[in-house]
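The data block below is upload14.txt; it holds compact mmCIF, C-alpha atoms.
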# COMPACT_ATOMS: atom_id res chain seq x y z
CA MET A 197 0.00 0.00 0.00
CA SER A 198 3.01 2.26 -0.11
CA ASP A 199 2.05 3.25 -3.66
CA THR A 200 -1.35 4.69 -2.66
CA CYS A 201 -2.19 8.33 -2.05
CA HIS A 202 -4.17 9.40 1.00
CA SER A 203 -5.95 12.55 2.04
CA ILE A 204 -7.03 13.27 5.59
CA PRO A 205 -9.96 15.14 7.10
CA SER A 206 -9.17 18.22 9.13
CA CYS A 207 -8.67 17.68 12.85
CA SER A 208 -11.54 18.23 15.27
CA PRO A 209 -11.16 20.12 18.57
CA PRO A 210 -11.03 18.08 21.80
CA THR A 211 -14.02 17.71 24.10
CA ALA A 212 -13.95 17.56 27.92
CA LYS A 213 -14.06 13.77 28.23
CA ALA A 214 -12.62 12.60 24.95
CA ARG A 215 -10.23 13.79 22.34
CA THR A 216 -11.16 13.29 18.73
CA ILE A 217 -7.90 12.86 16.93
CA CYS A 218 -7.66 12.45 13.23
CA ALA A 219 -4.48 11.80 11.33
CA CYS A 220 -2.80 14.96 10.09
CA GLU A 221 -0.07 14.99 7.47
CA ARG A 222 2.94 14.08 9.61
CA SER A 223 1.17 11.44 11.68
CA ILE A 224 -0.61 9.81 8.74
CA SER A 225 2.75 9.12 7.19
CA GLY A 226 3.59 6.87 10.10
CA TRP A 227 1.17 4.32 8.71
CA LEU A 228 2.47 4.18 5.18
CA LEU A 229 4.85 1.25 5.54
CA SER A 230 6.88 0.16 2.58
CA LEU A 231 5.44 -3.30 3.22
CA GLY A 232 1.91 -2.00 3.55
CA ILE A 233 0.94 -1.40 7.13
CA ILE A 234 1.23 -2.17 10.78
CA GLY A 235 3.01 -2.04 14.40
CA ILE A 236 3.19 -1.25 18.19
CA LEU A 237 3.77 -3.10 21.56
CA ALA A 238 3.06 -3.44 25.25
CA PHE A 239 3.73 -4.69 28.74
CA PRO A 240 0.57 -5.49 30.75
CA THR A 241 -0.79 -2.68 32.92
CA LYS A 242 -2.47 -3.15 36.29
CA SER A 243 -5.87 -2.45 34.73
CA ALA A 244 -5.49 -5.30 32.25
CA ASP A 245 -4.20 -7.75 34.84
CA ALA A 246 -6.85 -6.78 37.39
CA ALA A 247 -9.59 -7.82 34.99
CA ASN A 248 -8.19 -11.38 35.05
CA GLU A 249 -8.80 -11.53 31.30
CA ARG A 250 -5.25 -11.48 30.04
CA PRO A 251 -3.67 -14.95 29.73
CA ASN A 252 0.03 -15.66 29.89
CA ALA A 253 0.60 -15.34 26.15
CA VAL A 254 4.39 -15.10 26.10
CA PRO A 255 4.92 -18.26 23.95
CA SER A 256 2.77 -16.58 21.29
CA VAL A 257 5.53 -14.10 20.51
CA VAL A 258 7.19 -16.65 18.21
CA GLU A 259 3.90 -17.96 16.84
CA GLN A 260 2.81 -14.43 15.91
CA ASN A 261 6.01 -13.90 13.92
CA THR A 262 6.13 -17.23 12.09
CA THR A 263 4.55 -17.34 8.63
CA GLY A 264 1.44 -19.50 8.43
CA TYR A 265 0.01 -19.03 11.91
CA SER A 266 -2.58 -16.29 11.54
CA GLN A 267 -5.79 -16.96 13.47
CA ALA A 268 -7.98 -15.46 10.71
CA TYR A 269 -7.62 -13.13 7.73
CA PRO A 270 -8.49 -9.50 6.93
CA ALA A 271 -11.49 -8.70 4.74
CA GLY A 272 -10.77 -6.07 2.09
CA ALA A 273 -6.99 -6.32 2.11
CA PRO A 274 -5.16 -6.46 -1.23
CA LYS A 275 -4.89 -10.16 -2.09
CA THR A 276 -1.34 -9.83 -3.38
CA ALA A 277 0.03 -7.81 -0.45
CA SER A 278 2.90 -9.48 1.40
CA TRP A 279 1.10 -8.92 4.71
CA CYS A 280 -2.34 -10.22 3.65
CA ASN A 281 -1.77 -13.71 5.11
CA GLY A 282 0.09 -12.37 8.13
CA ALA A 283 3.74 -12.29 9.21
CA SER A 284 5.92 -10.51 6.67
CA LYS A 285 9.48 -9.26 7.06
CA PRO A 286 12.15 -7.99 4.68
CA GLU A 287 15.29 -10.12 4.43
CA ASN A 288 17.14 -7.52 6.47
CA GLY A 289 14.93 -5.90 9.09
CA GLU A 290 17.60 -3.39 10.12
CA PRO A 291 17.10 0.31 9.43
CA PRO A 292 19.09 2.02 6.69
CA ALA A 293 22.42 3.31 8.05
CA ASP A 294 21.38 6.98 7.98
CA PHE A 295 17.90 6.53 9.55
CA THR A 296 17.33 7.77 13.11
CA ALA A 297 13.68 7.10 14.04
CA VAL A 298 11.07 4.35 14.36
CA THR A 299 7.31 4.09 14.93
CA GLY A 300 5.17 1.22 16.20
CA ILE A 301 2.02 0.65 14.15
CA ALA A 302 -1.19 -1.42 14.48
CA SER A 303 -3.90 -2.43 12.04
CA VAL A 304 -7.45 -3.73 12.58
CA PHE A 305 -9.58 -5.18 9.75
CA PRO A 306 -13.00 -6.81 9.60
CA LYS A 307 -12.59 -10.59 9.70
CA PHE A 308 -12.74 -12.29 6.31
CA GLY A 309 -15.85 -14.47 6.03
CA ALA A 310 -17.62 -12.98 9.07
CA THR A 311 -21.33 -12.23 8.71
CA THR A 312 -21.77 -10.15 11.88
CA PRO A 313 -20.33 -6.64 11.53
CA GLY A 314 -20.63 -5.55 15.19
CA LYS A 315 -20.50 -1.99 13.94
CA ASP A 316 -21.40 -0.49 17.32
CA GLY A 317 -18.36 -1.95 19.06
CA LYS A 318 -15.01 -0.31 19.72
CA ILE A 319 -11.39 -1.37 20.09
CA VAL A 320 -9.45 -0.83 23.33
CA VAL A 321 -5.70 -0.30 22.87
CA ALA A 322 -3.38 -0.38 25.89
CA ASN A 323 0.28 -0.58 26.85
CA GLY A 324 1.74 0.38 23.46
CA LYS A 325 5.54 0.40 23.57
CA THR A 326 8.48 0.19 21.16
CA TRP A 327 12.03 -0.93 21.91
CA VAL A 328 15.14 -0.82 19.71
CA ARG A 329 18.24 -3.00 20.17
CA LEU A 330 21.66 -1.34 20.25
CA ARG A 331 24.01 -2.87 17.72
CA THR A 332 27.17 -2.95 19.85
CA THR A 333 25.85 -3.89 23.31
CA LYS A 334 22.64 -5.74 22.32
CA GLU A 335 20.83 -3.71 24.98
CA TRP A 336 17.13 -3.02 24.39
CA VAL A 337 16.09 0.62 24.81
CA LEU A 338 12.48 1.82 25.20
CA VAL A 339 11.83 4.61 22.66
CA GLN A 340 8.02 4.82 22.57
CA ASP A 341 5.49 4.43 25.39
CA GLN A 342 1.74 4.87 25.02
CA SER A 343 1.52 6.29 28.56
CA GLU A 344 3.55 9.29 27.35
CA ASN A 345 2.58 9.33 23.68
CA GLU A 346 -0.61 9.71 21.63
CA ILE A 347 -2.17 7.05 19.46
CA VAL A 348 -3.55 8.52 16.24
CA GLY A 349 -4.88 7.00 13.04
CA ALA A 350 -7.58 6.86 10.39
CA HIS A 351 -9.91 4.49 8.54
CA PHE A 352 -8.68 3.53 5.07
CA ASP A 353 -9.94 1.48 2.18
CA ALA A 354 -6.81 -0.57 1.60
CA ILE A 355 -7.53 -1.38 -2.06
CA VAL A 356 -8.41 2.01 -3.55
CA SER A 357 -5.47 3.67 -5.31
CA ARG A 358 -6.68 7.19 -4.42
CA ASN A 359 -7.36 6.45 -0.79
CA VAL A 360 -9.26 9.10 1.21
CA ALA A 361 -9.01 8.66 4.96
CA VAL A 362 -12.07 8.74 7.19
CA GLN A 363 -11.70 10.25 10.65
CA LEU A 364 -10.80 7.84 13.45
CA LYS A 365 -12.21 8.95 16.80
CA VAL A 366 -9.80 8.39 19.68
CA GLU A 367 -10.82 8.57 23.34
CA VAL A 368 -8.16 8.38 26.05
CA GLN A 369 -9.39 6.43 29.08
CA THR A 370 -8.70 7.26 32.72
CA ASP A 371 -6.61 4.07 33.09
CA GLY A 372 -4.30 5.11 30.25
CA GLY A 373 -5.86 2.92 27.56
CA THR A 374 -7.27 4.31 24.32
CA LEU A 375 -10.73 3.63 22.90
CA VAL A 376 -11.11 3.79 19.10
CA ASP A 377 -13.96 3.13 16.69
CA GLY A 378 -14.04 -0.28 15.07
CA PRO A 379 -13.41 -0.46 11.32
CA PRO A 380 -16.49 0.63 9.33
CA SER A 381 -17.76 -1.43 6.42
CA GLY A 382 -15.18 -1.61 3.65
CA ARG A 383 -12.45 0.09 5.70
CA ASN A 384 -9.94 -0.58 8.46
CA ASP A 385 -8.32 1.01 11.51
CA LEU A 386 -4.70 2.10 11.15
CA MET A 387 -3.04 3.41 14.30
CA TRP A 388 0.42 4.47 15.44
CA LEU A 389 2.25 6.29 18.21
CA VAL A 390 2.49 9.82 16.88
CA ARG A 391 5.89 10.84 18.27
CA ARG A 392 8.54 8.67 16.70
CA GLY A 393 11.21 7.06 18.80
CA SER A 394 14.70 8.30 18.02
CA TYR A 395 18.21 6.80 18.07
CA ALA A 396 21.66 7.58 16.65
CA ALA A 397 22.29 6.70 12.99
CA GLY A 398 23.76 3.22 12.68
CA ALA A 399 23.27 2.48 16.38
CA VAL A 400 20.42 -0.08 16.26
CA ASP A 401 19.85 -3.38 14.48
CA ALA A 402 16.33 -4.48 15.54
CA VAL A 403 12.96 -3.29 16.80
CA TYR A 404 10.35 -4.88 19.07
CA VAL A 405 6.73 -3.79 19.43
CA GLN A 406 3.96 -5.05 21.70
CA ILE A 407 0.40 -3.96 22.48
CA ASP A 408 -2.69 -5.17 24.33
CA MET A 409 -6.00 -5.03 22.44
CA LYS A 410 -9.61 -6.13 22.90
CA THR A 411 -13.10 -5.33 21.67
CA THR A 412 -16.04 -3.92 23.63
CA ASP A 413 -18.67 -5.94 21.74
CA PRO A 414 -18.66 -9.77 21.72
CA GLU A 415 -20.37 -9.68 18.31
CA MET A 416 -17.46 -7.86 16.69
CA LYS A 417 -15.47 -9.98 14.24
CA VAL A 418 -12.14 -8.28 13.62
CA VAL A 419 -8.48 -9.22 13.22
CA ALA A 420 -5.41 -7.17 14.15
CA ASN A 421 -1.67 -7.19 13.66
CA VAL A 422 1.27 -5.01 14.65
CA GLY A 423 4.60 -3.96 13.20
CA ALA A 424 7.05 -1.09 12.87
CA ASP A 425 8.32 1.48 10.41
CA TRP A 426 11.86 2.92 10.22
CA TRP A 427 12.21 6.67 9.47
CA ARG A 428 15.04 8.88 8.28
CA SER A 429 14.39 11.32 11.14
CA PRO A 430 11.78 12.00 13.85
CA ASP A 431 10.08 14.64 11.67
CA ALA A 432 10.76 13.40 8.12
CA LEU A 433 7.81 13.61 5.73
CA HIS A 434 6.62 10.46 4.03
CA ASN A 435 8.15 9.54 0.69
CA GLY A 436 9.91 6.53 -0.72
CA ALA A 437 13.29 7.72 0.50
CA ASN A 438 12.30 8.55 4.06
CA ASN A 439 10.66 5.41 5.41
CA ARG A 440 11.15 1.64 5.34
CA GLY A 441 8.97 -1.09 6.77
CA ALA A 442 10.55 -3.32 9.43
CA GLY A 443 7.74 -5.86 8.95
CA ASN A 444 4.55 -7.01 10.66
CA SER A 445 3.12 -9.90 12.69
CA ASN A 446 0.45 -12.49 11.98
CA TRP A 447 -3.25 -11.68 12.29
CA VAL A 448 -4.84 -12.22 15.70
CA GLU A 449 -8.61 -12.45 16.09
CA LEU A 450 -9.71 -10.01 18.79
CA SER A 451 -12.38 -10.64 21.42
CA THR A 452 -13.63 -8.98 24.61
CA ASN A 453 -10.67 -10.57 26.43
CA TRP A 454 -7.25 -8.96 26.21
CA SER A 455 -4.90 -10.21 23.51
CA THR A 456 -1.23 -9.27 23.45
CA LEU A 457 0.16 -8.63 19.97
CA TYR A 458 3.89 -8.90 19.30
CA PHE A 459 6.29 -8.02 16.50
CA PHE A 460 10.06 -8.33 16.28
CA SER A 461 12.35 -7.70 13.34
CA GLY A 462 15.27 -9.97 12.50
CA SER A 463 15.54 -13.72 13.06
CA THR A 464 13.74 -15.76 15.68
CA ALA A 465 17.03 -17.25 16.90
CA GLN A 466 18.52 -13.82 17.58
CA PHE A 467 15.36 -12.64 19.32
CA VAL A 468 15.04 -15.71 21.57
CA ALA A 469 18.73 -15.50 22.50
CA ASP A 470 18.43 -11.85 23.49
CA PRO A 471 14.80 -10.95 24.31
CA PRO A 472 13.65 -7.42 25.28
CA PRO A 473 12.83 -6.48 28.91
CA PRO A 474 9.12 -7.53 28.92
CA LEU A 475 10.16 -11.08 27.96
CA ALA A 476 13.64 -11.33 29.46
CA GLU A 477 12.54 -13.43 32.44
CA SER A 478 10.43 -15.79 30.32
CA SER A 479 11.55 -18.95 28.61
CA LEU A 480 10.87 -18.32 24.94
CA PRO A 481 10.50 -21.24 22.51
CA SER A 482 12.81 -21.20 19.50
CA THR A 483 10.02 -22.58 17.31
CA VAL A 484 6.23 -22.52 17.40
CA ALA A 485 5.20 -24.46 20.51
CA SER A 486 1.50 -24.82 19.67
CA THR A 487 -1.17 -23.57 17.32
CA GLN A 488 -3.79 -22.31 19.71
CA ARG A 489 -6.16 -20.87 17.10
CA THR A 490 -4.93 -20.99 13.53
CA ALA A 491 -7.35 -20.05 10.76
CA SER A 492 -9.92 -22.76 10.10
CA GLY A 493 -11.03 -21.44 6.72
CA PRO A 494 -9.32 -20.65 3.41
CA SER A 495 -7.27 -17.51 2.97
CA PRO A 496 -8.47 -14.75 0.61
CA CYS A 497 -4.84 -13.89 -0.12
CA LEU A 498 -2.84 -15.07 -3.11
CA ARG A 499 0.56 -15.33 -1.45
CA THR A 500 1.47 -18.95 -0.65
CA LEU A 501 1.49 -19.82 3.03
CA ALA A 502 4.31 -21.78 4.67
CA PRO A 503 3.33 -25.24 5.97
CA ARG A 504 2.00 -25.32 9.52
Serialized structure, structure tokens:
Amino acid sequence: MSDTCHSIPSCSPPTAKARTICACERSISGWLLSLGIIGILAFPTKSADAANERPNAVPSVVEQNTTGYSQAYPAGAPKTASWCNGASKPENGEPPADFTAVTGIASVFPKFGATTPGKDGKIVVANGKTWVRLRTTKEWVLVQDQSENEIVGAHFDAIVSRNVAVQLKVEVQTDGGTLVDGPPSGRNDLMWLVRRGSYAAGAVDAVYVQIDMKTTDPEMKVVANVGADWWRSPDALHNGANNRGAGNSNWVELSTNWSTLYFFSGSTAQFVADPPPPLAESSLPSTVASTQRTASGPSPCLRTLAPR
């Protein structure tokens, strides 16, 4: 989708209890990945844990980044897009040598084959964070944190070549989470942390993103994935020379229970050997340990899936 053009509605003023945020020129560019879309991250907050809804999903970090393990597929996505079936990464997920910024990104689509739109429901987004790994020391550094950063975005029709964005309403909750409208018919939700994380040119070799997400309506049938986008600088405008996609995760089917979505660039072996802080005390599998909920139906995408 990097070859599409997008226009954005003008921003609305905030209200007392909610801020309506639509994507303006600089923030909309954060979505336009060279691969197509996606990314963000998270470490569970007290509010998510207190609800006793969030399972220990740490083993899923490898499953969500292994081709062929999407739980469902997005309706309306370009069938030939590399990310349509799920996990997609360039051969080298490192940023170009002169780039100095990164943004976590998330995408929500209607579920392919679903008959219930659940159009009155919303998506809750919490704990969005992005880490980068220093090349020389292999230390992971937190560069984006939803608790100190805004989530913005818009609804897009992913297939249309002249793609006009529809306003995405964003309401910040008292517990630090963010409530956003679900994707309307024929469109999706594209979201990102508006202030890019920064680092010194040539200093990092990988990125890790994580986020908690759930729906407010049990009838909603939507899928989500996350990823990241490298940028030449924290304020560079979007064009082919200024941003590169680091990749994106598999599709996870959302429900009214919390799901944790993960993305990491680079190889699984490198990631498992040197995990970021949220996972450092966990024992990560080097391969997919189980397929808890892989897609039961056919894929609408044309790219060949790897064997499960």
Point-to-point distance in Å for atom CA of Val390 of chain A and atom CA of Pro472 of chain A
22.2 Å
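Across the model, the gap from atom CA of Val403 of chain A to atom CA of Pro291 of chain A is 9.2 Å.
All protein and nucleic acid residues in the vicinity of (19.2, -6.6, 26.4), that is within 8 Å when counting all atoms listed in the file, are Arg329, Thr333, Lys334, Glu335, Trp336, Asp470, Pro471, Pro472, Pro473 and Ala476 of chain A.
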Interatomic distance, atom CA of Glu449 of chain A to atom CA of Thr311 of chain A (Å, one decimal):
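Separating atom CA of Glu449 of chain A from atom CA of Thr311 of chain A is a distance of 14.7 Å.
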At a cut-off of 9 Å, can you tabulate as CSV every residue of segment 431-463 of chain A near segment 407-415 of chain A together with its closest atom pair and the distance in Å to one decimal, using only C-alpha atoms and ordering rows by chain then number?
residue,atom,partner,partner_atom,distance
A:Leu450,CA,A:Lys410,CA,5.7
A:Ser451,CA,A:Thr411,CA,5.4
A:Thr452,CA,A:Thr411,CA,4.7
A:Asn453,CA,A:Lys410,CA,5.8
A:Trp454,CA,A:Lys410,CA,5.0
A:Ser455,CA,A:Met409,CA,5.4
A:Thr456,CA,A:Asp408,CA,4.4
A:Leu457,CA,A:Ile407,CA,5.3
A:Tyr458,CA,A:Ile407,CA,6.8
Spatial neighbours of segment 368-376 of chain A, max dist 6 Å, only C-alpha atoms, sep filter under 3 positions, as a count of residues only:
6
